[in-house]
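Asker: After the structure tokens below, expect a handful of questions from me.
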Amino acid sequence: RGQNPRGGSRCLVVEHAYHGHTSAVIGLSPYKFDHRSFGGRGQPEWVTKCPAPDLFRGPHRGADAGRRYAEAVAEACAAEGEGGVCAFFIESGMSVAGVLLPPAGYLASCYEAVRAAGGVCVADEVQTGLGRFGTCWWGFEQQGVVPDIVTMGKPMGNGFPLAAVVTTGEVADAFRSSEYFNTFGGNTVACAVGLEVLAILEEERLQESACRVGAHTLSRLREVGDSRGAVGDVRGRGLLLGVELVRDRGTREPDPELAAFAMGRMRAERVLVSTDGPHRNVLKIKPPMCFSDEDADALASALDSALAAGERELPAGRTGVLPPRPALLSYL
């Protein structure tokens with residue numbers, strides 16, 4: 001738990017956010033403390049949840065959605081008073097929340113309110129950074145903002161344990177008053193791995209590929225959606241995509257059972273997706289950056305077959321409620 005120079009310690013997050021597994025960031029992750037972790041203590045008293053900017057299922061879905069969702073963040077800042085906010089944490093693309101991309105203008109308005117209240121803005125780029133969106137290297141760039149702190153991890157090492165934090169000189173200087181060391185921090189093997197990953201991303205033009213192949217994948221998935229009534233929405237950017245499954249397009253009632261069925265059926269065809277979102281009815285598609293057009297076609301075909309099988313095999317009167325997710329799989 002941190003404080004800004006004026007003593008403000010309030011941290012703002014969005015609903016269903018997921019920022020990691022240490023005790024500190026579990027406290028910043030409604031995905032964990034609302035449902036599965038944090039020792040059963042629930043939301044920490046120093047954390048405020050703001051509505052997730054969901055354009056499909058949330059209350060604001062029009063052209064002004066960015067401004068209207070940001071108003072909730074501004075109201076949370078106002079409730080703390082001048083200097084009362086420590087930080088605002090948000091994933092540049094909310095993966096675990098069901099592949100939600102912030103609507104236009106959202107982050108700019110949020111950042112303005114947070115900074116006016118004395119807080120810093122933290123962009124969680126663990127799942128979105130390093131070119132995955134295709135059109136930009138960092139997810140926050142699509143919003144035209146510059147964070148105060150950027151966190152990144154997993155993809156930097158392509159399987160090797162590696163993570164980093166990038167921040168401004170002002171924030172780094174403030175950190176000098178605290179003693180910190182890490183036995184494994186900055187080790188030469190990790191640095192060599194990270195440099196090689198960055199070199200391959202550039203040499204193989206994988207950001208450009210994510211843009212092109214991602215657009216093709218999105219198009220193919222939307223073709224499946226047009227032919228299957230269970231698909232309520234197909235969304236995303238680059239190689240971070242989501243397919244939201246519903247029992248009724250009119251009511252948008254979620255269908256987690258079909259999502260679980262489709263995930264299992266696709267796995268049997270050697271196509272891996274996961275289920276996420278607060279209702280666990282969104283198929284999350286986050287393939288490796290070397291994903292090809294041919295892979296996208298195979299993915300779309302497997303999804304179409306899985307949904308067709310679900311229509312045939314799942315009972316019409318199913319409950320729509322799934323058992324709790326196994327704890328060991330909750331991080332996927």
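Order determines the names: the first chain of the structure tokens is A, the second B, and so forth; residues in each chain are numbered 1 upward, and ligands are numbered 1 upward as they are shown.
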For Pro53 of chain A, find every residue with an atom within 7 Å (counting only C-alpha atoms), except residues of its own chain fewer than 3 positions away, and show them as a PDB file with N, CA and C atoms, in the first residue's frame.
Answerer:
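Below you can see selection14.pdb, which holds the result:
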```pdb
ATOM      1  N   GLY A  58     -22.387  -3.354 -20.540  1.00  0.00           N
ATOM      2  CA  GLY A  58     -22.477  -2.283 -19.566  1.00  0.00           C
ATOM      3  C   GLY A  58     -23.584  -1.287 -19.867  1.00  0.00           C
ATOM      4  N   TYR A  69     -18.195   6.551 -18.819  1.00  0.00           N
ATOM      5  CA  TYR A  69     -17.511   5.630 -17.904  1.00  0.00           C
ATOM      6  C   TYR A  69     -16.430   6.360 -17.114  1.00  0.00           C
ATOM      7  N   PRO A 102     -10.812  -0.169 -23.796  1.00  0.00           N
ATOM      8  CA  PRO A 102     -11.367   1.118 -23.360  1.00  0.00           C
ATOM      9  C   PRO A 102     -11.933   1.901 -24.536  1.00  0.00           C
TER      10      PRO A 102
END
```
Asker: Please provide as a list in words all residues within 7 Å of Val197 of chain A, with the sequence filter that same-chain residues fewer than 6 positions apart are discarded (counting only C-alpha atoms).
Answerer: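 Those residues are Met156, Gly157 and Asn158 of chain A.
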Asker: May I have all residues of segment 188-236 of chain A that DSSP, computed from the backbone, assigns to helix (DSSP H, G or I), given as a ChimeraX atom specification?
Answerer: /A:188-203,206-227
Asker: Okay, now the selection with N, CA and C atoms, as a short mmCIF file (atom, residue, chain, number, x, y, z; two decimals), in the first residue's frame?
Answerer:
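The new file out-v4.cif reads:
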```cif
data_model
loop_
_atom_site.label_atom_id
_atom_site.label_comp_id
_atom_site.auth_asym_id
_atom_site.auth_seq_id
_atom_site.Cartn_x
_atom_site.Cartn_y
_atom_site.Cartn_z
N THR A 188 21.93 -11.34 -15.88
CA THR A 188 22.38 -11.24 -17.27
C THR A 188 21.67 -12.22 -18.19
N VAL A 189 21.29 -13.39 -17.68
CA VAL A 189 20.59 -14.36 -18.52
C VAL A 189 19.21 -13.81 -18.92
N ALA A 190 18.48 -13.28 -17.93
CA ALA A 190 17.17 -12.69 -18.23
C ALA A 190 17.30 -11.54 -19.22
N CYS A 191 18.31 -10.71 -19.02
CA CYS A 191 18.50 -9.58 -19.92
C CYS A 191 18.80 -10.06 -21.34
N ALA A 192 19.61 -11.11 -21.46
CA ALA A 192 19.92 -11.64 -22.79
C ALA A 192 18.68 -12.19 -23.47
N VAL A 193 17.84 -12.89 -22.70
CA VAL A 193 16.59 -13.42 -23.25
C VAL A 193 15.69 -12.29 -23.72
N GLY A 194 15.53 -11.26 -22.89
CA GLY A 194 14.67 -10.15 -23.25
C GLY A 194 15.15 -9.43 -24.49
N LEU A 195 16.45 -9.23 -24.61
CA LEU A 195 17.00 -8.57 -25.80
C LEU A 195 16.76 -9.40 -27.05
N GLU A 196 16.87 -10.72 -26.92
CA GLU A 196 16.65 -11.59 -28.08
C GLU A 196 15.18 -11.57 -28.50
N VAL A 197 14.27 -11.55 -27.51
CA VAL A 197 12.84 -11.46 -27.84
C VAL A 197 12.56 -10.16 -28.59
N LEU A 198 13.09 -9.06 -28.12
CA LEU A 198 12.88 -7.78 -28.79
C LEU A 198 13.45 -7.81 -30.21
N ALA A 199 14.62 -8.44 -30.38
CA ALA A 199 15.23 -8.52 -31.71
C ALA A 199 14.36 -9.33 -32.66
N ILE A 200 13.81 -10.44 -32.18
CA ILE A 200 12.96 -11.28 -33.05
C ILE A 200 11.68 -10.56 -33.40
N LEU A 201 11.09 -9.87 -32.44
CA LEU A 201 9.88 -9.10 -32.74
C LEU A 201 10.13 -8.12 -33.87
N GLU A 202 11.30 -7.49 -33.85
CA GLU A 202 11.63 -6.52 -34.89
C GLU A 202 12.00 -7.20 -36.20
N GLU A 203 12.88 -8.19 -36.14
CA GLU A 203 13.37 -8.84 -37.35
C GLU A 203 12.24 -9.54 -38.13
N LEU A 206 6.80 -8.78 -36.25
CA LEU A 206 5.65 -9.45 -35.64
C LEU A 206 4.55 -8.47 -35.23
N GLN A 207 4.89 -7.22 -34.96
CA GLN A 207 3.83 -6.25 -34.70
C GLN A 207 3.00 -6.02 -35.96
N GLU A 208 3.69 -5.86 -37.08
CA GLU A 208 2.98 -5.70 -38.35
C GLU A 208 2.13 -6.93 -38.66
N SER A 209 2.67 -8.11 -38.36
CA SER A 209 1.92 -9.34 -38.58
C SER A 209 0.69 -9.40 -37.70
N ALA A 210 0.83 -8.97 -36.44
CA ALA A 210 -0.31 -8.97 -35.53
C ALA A 210 -1.44 -8.10 -36.06
N CYS A 211 -1.08 -6.98 -36.68
CA CYS A 211 -2.09 -6.09 -37.24
C CYS A 211 -2.81 -6.76 -38.41
N ARG A 212 -2.03 -7.33 -39.33
CA ARG A 212 -2.62 -7.93 -40.53
C ARG A 212 -3.36 -9.22 -40.21
N VAL A 213 -2.71 -10.13 -39.49
CA VAL A 213 -3.34 -11.42 -39.18
C VAL A 213 -4.49 -11.22 -38.20
N GLY A 214 -4.35 -10.26 -37.29
CA GLY A 214 -5.43 -9.99 -36.36
C GLY A 214 -6.69 -9.52 -37.06
N ALA A 215 -6.52 -8.66 -38.07
CA ALA A 215 -7.69 -8.20 -38.84
C ALA A 215 -8.35 -9.36 -39.56
N HIS A 216 -7.53 -10.25 -40.12
CA HIS A 216 -8.08 -11.43 -40.81
C HIS A 216 -8.80 -12.34 -39.82
N THR A 217 -8.20 -12.55 -38.66
CA THR A 217 -8.81 -13.41 -37.64
C THR A 217 -10.14 -12.83 -37.18
N LEU A 218 -10.17 -11.52 -36.92
CA LEU A 218 -11.41 -10.87 -36.49
C LEU A 218 -12.49 -11.03 -37.54
N SER A 219 -12.12 -10.88 -38.81
CA SER A 219 -13.09 -11.04 -39.89
C SER A 219 -13.64 -12.46 -39.95
N ARG A 220 -12.76 -13.45 -39.82
CA ARG A 220 -13.22 -14.84 -39.86
C ARG A 220 -14.11 -15.17 -38.67
N LEU A 221 -13.75 -14.66 -37.49
CA LEU A 221 -14.59 -14.92 -36.32
C LEU A 221 -15.96 -14.27 -36.47
N ARG A 222 -16.00 -13.09 -37.07
CA ARG A 222 -17.29 -12.42 -37.28
C ARG A 222 -18.13 -13.16 -38.31
N GLU A 223 -17.50 -13.81 -39.26
CA GLU A 223 -18.24 -14.65 -40.20
C GLU A 223 -18.92 -15.79 -39.45
N VAL A 224 -18.19 -16.40 -38.51
CA VAL A 224 -18.80 -17.45 -37.69
C VAL A 224 -19.94 -16.86 -36.87
N GLY A 225 -19.73 -15.69 -36.30
CA GLY A 225 -20.77 -15.06 -35.50
C GLY A 225 -22.02 -14.76 -36.29
N ASP A 226 -21.86 -14.38 -37.54
CA ASP A 226 -23.03 -14.08 -38.38
C ASP A 226 -23.89 -15.31 -38.63
N SER A 227 -23.26 -16.48 -38.57
CA SER A 227 -24.00 -17.71 -38.88
C SER A 227 -24.44 -18.47 -37.64
#
```
Asker: Identify, with DSSP run on backbone atoms, the residues in segment 136-283 of chain A assigned to strand (DSSP E or B), and express the list as JSON, numbers by chain.
Answerer: {"A": [149, 150, 151, 152, 164, 165, 166, 167, 231, 232, 233, 234, 235, 236, 237, 240, 241, 242, 243, 244, 245, 246, 247, 248, 253, 254, 274, 275, 276, 282, 283]}
Asker: Take the selection from the previous step and output its residues with N, CA, C and O atoms, as a compact mmCIF listing (two decimals), in the first residue's frame.
Answerer:
```
# COMPACT_ATOMS: atom_id res chain seq x y z
N ILE A 149 3.53 5.13 -14.94
CA ILE A 149 4.19 3.84 -14.68
C ILE A 149 3.62 2.82 -15.66
O ILE A 149 2.42 2.78 -15.90
N VAL A 150 4.51 2.00 -16.23
CA VAL A 150 4.08 0.90 -17.11
C VAL A 150 4.67 -0.40 -16.58
O VAL A 150 5.88 -0.48 -16.31
N THR A 151 3.82 -1.40 -16.39
CA THR A 151 4.28 -2.72 -15.97
C THR A 151 4.19 -3.68 -17.15
O THR A 151 3.27 -3.61 -17.96
N MET A 152 5.16 -4.55 -17.24
CA MET A 152 5.19 -5.53 -18.33
C MET A 152 5.82 -6.81 -17.84
O MET A 152 6.58 -6.81 -16.85
N ALA A 164 9.32 -6.26 -16.03
CA ALA A 164 9.97 -4.96 -15.88
C ALA A 164 8.94 -3.90 -15.52
O ALA A 164 7.74 -4.06 -15.78
N VAL A 165 9.43 -2.83 -14.94
CA VAL A 165 8.63 -1.64 -14.66
C VAL A 165 9.35 -0.45 -15.27
O VAL A 165 10.56 -0.29 -15.07
N VAL A 166 8.63 0.36 -16.01
CA VAL A 166 9.19 1.58 -16.60
C VAL A 166 8.41 2.76 -16.04
O VAL A 166 7.18 2.72 -15.95
N THR A 167 9.13 3.79 -15.65
CA THR A 167 8.45 4.93 -15.04
C THR A 167 9.16 6.23 -15.39
O THR A 167 10.18 6.23 -16.07
N VAL A 231 -23.52 -16.36 -30.82
CA VAL A 231 -22.45 -15.36 -30.73
C VAL A 231 -23.07 -13.98 -30.57
O VAL A 231 -23.73 -13.47 -31.48
N GLY A 232 -22.88 -13.39 -29.40
CA GLY A 232 -23.44 -12.08 -29.15
C GLY A 232 -22.55 -10.95 -29.61
O GLY A 232 -23.02 -9.91 -30.06
N ASP A 233 -21.22 -11.17 -29.51
CA ASP A 233 -20.29 -10.11 -29.87
C ASP A 233 -18.94 -10.73 -30.19
O ASP A 233 -18.53 -11.73 -29.59
N VAL A 234 -18.26 -10.13 -31.15
CA VAL A 234 -16.87 -10.47 -31.46
C VAL A 234 -16.09 -9.17 -31.40
O VAL A 234 -16.45 -8.20 -32.07
N ARG A 235 -15.05 -9.10 -30.61
CA ARG A 235 -14.36 -7.84 -30.40
C ARG A 235 -12.87 -8.06 -30.17
O ARG A 235 -12.41 -9.18 -29.97
N GLY A 236 -12.15 -6.96 -30.14
CA GLY A 236 -10.74 -7.01 -29.85
C GLY A 236 -9.93 -6.24 -30.87
O GLY A 236 -10.46 -5.54 -31.74
N ARG A 237 -8.62 -6.37 -30.75
CA ARG A 237 -7.70 -5.70 -31.65
C ARG A 237 -6.45 -6.53 -31.78
O ARG A 237 -5.97 -7.10 -30.79
N LEU A 240 -5.47 -9.94 -29.68
CA LEU A 240 -6.22 -10.08 -28.41
C LEU A 240 -7.69 -9.95 -28.76
O LEU A 240 -8.20 -8.84 -28.97
N LEU A 241 -8.38 -11.08 -28.85
CA LEU A 241 -9.74 -11.11 -29.36
C LEU A 241 -10.66 -11.87 -28.40
O LEU A 241 -10.22 -12.75 -27.65
N GLY A 242 -11.94 -11.54 -28.45
CA GLY A 242 -12.92 -12.21 -27.61
C GLY A 242 -14.19 -12.50 -28.36
O GLY A 242 -14.63 -11.70 -29.20
N VAL A 243 -14.79 -13.64 -28.08
CA VAL A 243 -16.08 -14.03 -28.65
C VAL A 243 -17.04 -14.24 -27.49
O VAL A 243 -16.85 -15.18 -26.69
N GLU A 244 -18.03 -13.39 -27.35
CA GLU A 244 -18.97 -13.49 -26.24
C GLU A 244 -20.18 -14.32 -26.66
O GLU A 244 -20.85 -14.00 -27.66
N LEU A 245 -20.46 -15.37 -25.89
CA LEU A 245 -21.55 -16.30 -26.21
C LEU A 245 -22.76 -16.01 -25.34
O LEU A 245 -22.64 -15.79 -24.13
N VAL A 246 -23.92 -16.01 -25.96
CA VAL A 246 -25.18 -15.67 -25.28
C VAL A 246 -26.24 -16.72 -25.60
O VAL A 246 -26.17 -17.41 -26.62
N ARG A 247 -27.22 -16.80 -24.72
CA ARG A 247 -28.35 -17.70 -24.98
C ARG A 247 -29.41 -17.01 -25.82
O ARG A 247 -30.23 -17.67 -26.47
N ASP A 248 -29.40 -15.69 -25.78
CA ASP A 248 -30.38 -14.91 -26.54
C ASP A 248 -29.75 -13.58 -26.92
O ASP A 248 -29.32 -12.83 -26.04
N GLU A 253 -28.42 -12.62 -22.52
CA GLU A 253 -28.18 -13.54 -21.41
C GLU A 253 -26.93 -14.36 -21.68
O GLU A 253 -26.81 -15.00 -22.73
N PRO A 254 -25.96 -14.36 -20.79
CA PRO A 254 -24.71 -15.08 -21.04
C PRO A 254 -24.91 -16.59 -21.07
O PRO A 254 -25.81 -17.12 -20.42
N SER A 274 -9.46 -19.87 -24.01
CA SER A 274 -9.88 -19.95 -22.61
C SER A 274 -11.18 -19.20 -22.45
O SER A 274 -11.61 -18.47 -23.35
N THR A 275 -11.83 -19.38 -21.31
CA THR A 275 -13.06 -18.64 -21.02
C THR A 275 -12.78 -17.60 -19.95
O THR A 275 -12.06 -17.86 -18.99
N ASP A 276 -13.38 -16.43 -20.13
CA ASP A 276 -13.17 -15.36 -19.17
C ASP A 276 -14.38 -14.45 -19.16
O ASP A 276 -15.40 -14.73 -19.79
N VAL A 282 -17.09 -15.63 -22.25
CA VAL A 282 -16.30 -15.04 -23.35
C VAL A 282 -15.13 -15.97 -23.67
O VAL A 282 -14.35 -16.32 -22.78
N LEU A 283 -15.05 -16.38 -24.93
CA LEU A 283 -13.90 -17.14 -25.37
C LEU A 283 -12.76 -16.15 -25.64
O LEU A 283 -12.88 -15.29 -26.52
```
Asker: Excluding Ala108 of chain A and its own-chain neighbours fewer than 6 positions away, which residues fall within 8 Å of it when counting only C-alpha atoms? Please give them as number ranges by chain.
Answerer: A: 143-145
Asker: Dump as JSON lines the rows for residues of segment 61-105 of chain A within 10 Å of segment 117-134 of chain A: closest atom pair and distance in Å with one decimal, only C-alpha atoms counted, ordered by chain and rising residue number.
Answerer:
```
{"residue": "A:Ala74", "atom": "CA", "partner": "A:Ala117", "partner_atom": "CA", "distance": 9.1}
{"residue": "A:Ala76", "atom": "CA", "partner": "A:Ala117", "partner_atom": "CA", "distance": 9.8}
{"residue": "A:Cys77", "atom": "CA", "partner": "A:Ala117", "partner_atom": "CA", "distance": 6.0}
{"residue": "A:Ala78", "atom": "CA", "partner": "A:Ala117", "partner_atom": "CA", "distance": 7.5}
{"residue": "A:Ala79", "atom": "CA", "partner": "A:Ala117", "partner_atom": "CA", "distance": 9.8}
{"residue": "A:Glu80", "atom": "CA", "partner": "A:Ala117", "partner_atom": "CA", "distance": 7.8}
{"residue": "A:Gly81", "atom": "CA", "partner": "A:Ala117", "partner_atom": "CA", "distance": 6.7}
{"residue": "A:Glu82", "atom": "CA", "partner": "A:Ala117", "partner_atom": "CA", "distance": 4.9}
{"residue": "A:Gly83", "atom": "CA", "partner": "A:Gly118", "partner_atom": "CA", "distance": 4.4}
{"residue": "A:Gly84", "atom": "CA", "partner": "A:Ala117", "partner_atom": "CA", "distance": 6.1}
{"residue": "A:Val85", "atom": "CA", "partner": "A:Gly119", "partner_atom": "CA", "distance": 4.8}
{"residue": "A:Cys86", "atom": "CA", "partner": "A:Gly119", "partner_atom": "CA", "distance": 4.4}
{"residue": "A:Ala87", "atom": "CA", "partner": "A:Gly119", "partner_atom": "CA", "distance": 4.6}
{"residue": "A:Phe88", "atom": "CA", "partner": "A:Cys121", "partner_atom": "CA", "distance": 5.0}
{"residue": "A:Phe89", "atom": "CA", "partner": "A:Val122", "partner_atom": "CA", "distance": 4.9}
{"residue": "A:Ile90", "atom": "CA", "partner": "A:Ala123", "partner_atom": "CA", "distance": 5.6}
{"residue": "A:Glu91", "atom": "CA", "partner": "A:Asp124", "partner_atom": "CA", "distance": 4.5}
{"residue": "A:Ser92", "atom": "CA", "partner": "A:Glu125", "partner_atom": "CA", "distance": 6.3}
{"residue": "A:Gly93", "atom": "CA", "partner": "A:Thr128", "partner_atom": "CA", "distance": 6.2}
{"residue": "A:Met94", "atom": "CA", "partner": "A:Gln127", "partner_atom": "CA", "distance": 8.7}
{"residue": "A:Ser95", "atom": "CA", "partner": "A:Gln127", "partner_atom": "CA", "distance": 7.3}
{"residue": "A:Val96", "atom": "CA", "partner": "A:Gln127", "partner_atom": "CA", "distance": 9.8}
```
Asker: If you count only C-alpha atoms, which residues fall within 7 Å of Pro30 of chain A, apart from same-chain ones fewer than 4 positions away, as a compact mmCIF listing (two decimals) with all heavy atoms, in the first residue's frame?
Answerer:
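New file result.txt:
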```txt
# COMPACT_ATOMS: atom_id res chain seq x y z
N GLU A 15 -13.72 -2.78 -12.26
CA GLU A 15 -14.34 -4.07 -11.97
C GLU A 15 -13.72 -5.17 -12.82
O GLU A 15 -13.40 -4.96 -13.99
CB GLU A 15 -15.83 -4.01 -12.24
CG GLU A 15 -16.62 -3.10 -11.31
CD GLU A 15 -18.06 -2.95 -11.75
OE1 GLU A 15 -18.32 -2.98 -12.98
OE2 GLU A 15 -18.91 -2.76 -10.88
N HIS A 16 -13.57 -6.33 -12.22
CA HIS A 16 -13.08 -7.54 -12.89
C HIS A 16 -11.61 -7.45 -13.28
O HIS A 16 -11.10 -8.32 -14.00
CB HIS A 16 -13.92 -7.90 -14.13
CG HIS A 16 -15.39 -7.71 -13.96
ND1 HIS A 16 -16.10 -8.32 -12.94
CD2 HIS A 16 -16.29 -6.95 -14.64
CE1 HIS A 16 -17.37 -7.95 -13.02
NE2 HIS A 16 -17.49 -7.11 -14.03
N ALA A 17 -10.90 -6.42 -12.83
CA ALA A 17 -9.48 -6.27 -13.18
C ALA A 17 -8.64 -7.37 -12.56
O ALA A 17 -8.96 -7.90 -11.49
CB ALA A 17 -8.97 -4.90 -12.72
N TYR A 18 -7.54 -7.67 -13.23
CA TYR A 18 -6.60 -8.67 -12.73
C TYR A 18 -5.18 -8.13 -12.94
O TYR A 18 -4.77 -7.89 -14.08
CB TYR A 18 -6.77 -10.01 -13.45
CG TYR A 18 -5.71 -11.01 -13.11
CD1 TYR A 18 -5.50 -11.41 -11.79
CD2 TYR A 18 -4.91 -11.58 -14.10
CE1 TYR A 18 -4.52 -12.33 -11.46
CE2 TYR A 18 -3.93 -12.51 -13.79
CZ TYR A 18 -3.74 -12.87 -12.47
OH TYR A 18 -2.78 -13.78 -12.15
N ASP A 34 -12.80 -10.44 -5.24
CA ASP A 34 -14.26 -10.58 -5.24
C ASP A 34 -14.69 -12.04 -5.30
O ASP A 34 -15.83 -12.37 -4.95
CB ASP A 34 -14.87 -9.85 -6.44
CG ASP A 34 -15.11 -8.37 -6.16
OD1 ASP A 34 -15.05 -7.98 -4.98
OD2 ASP A 34 -15.36 -7.62 -7.11
```
Asker: With a distance cut-off of 12 Å and only C-alpha atoms, select the neighbouring residues of Ala63 of chain A, excluding the residue or stretch itself and same-chain residues fewer than 6 positions from it, and output the selection as a ChimeraX atom specification.
Answerer: /A:55,69,103-106
Asker: Just give me the gap between atom CA of Thr251 of chain A and atom CA of Asn281 of chain A in Å, one decimal is fine.
Answerer: 14.4 Å
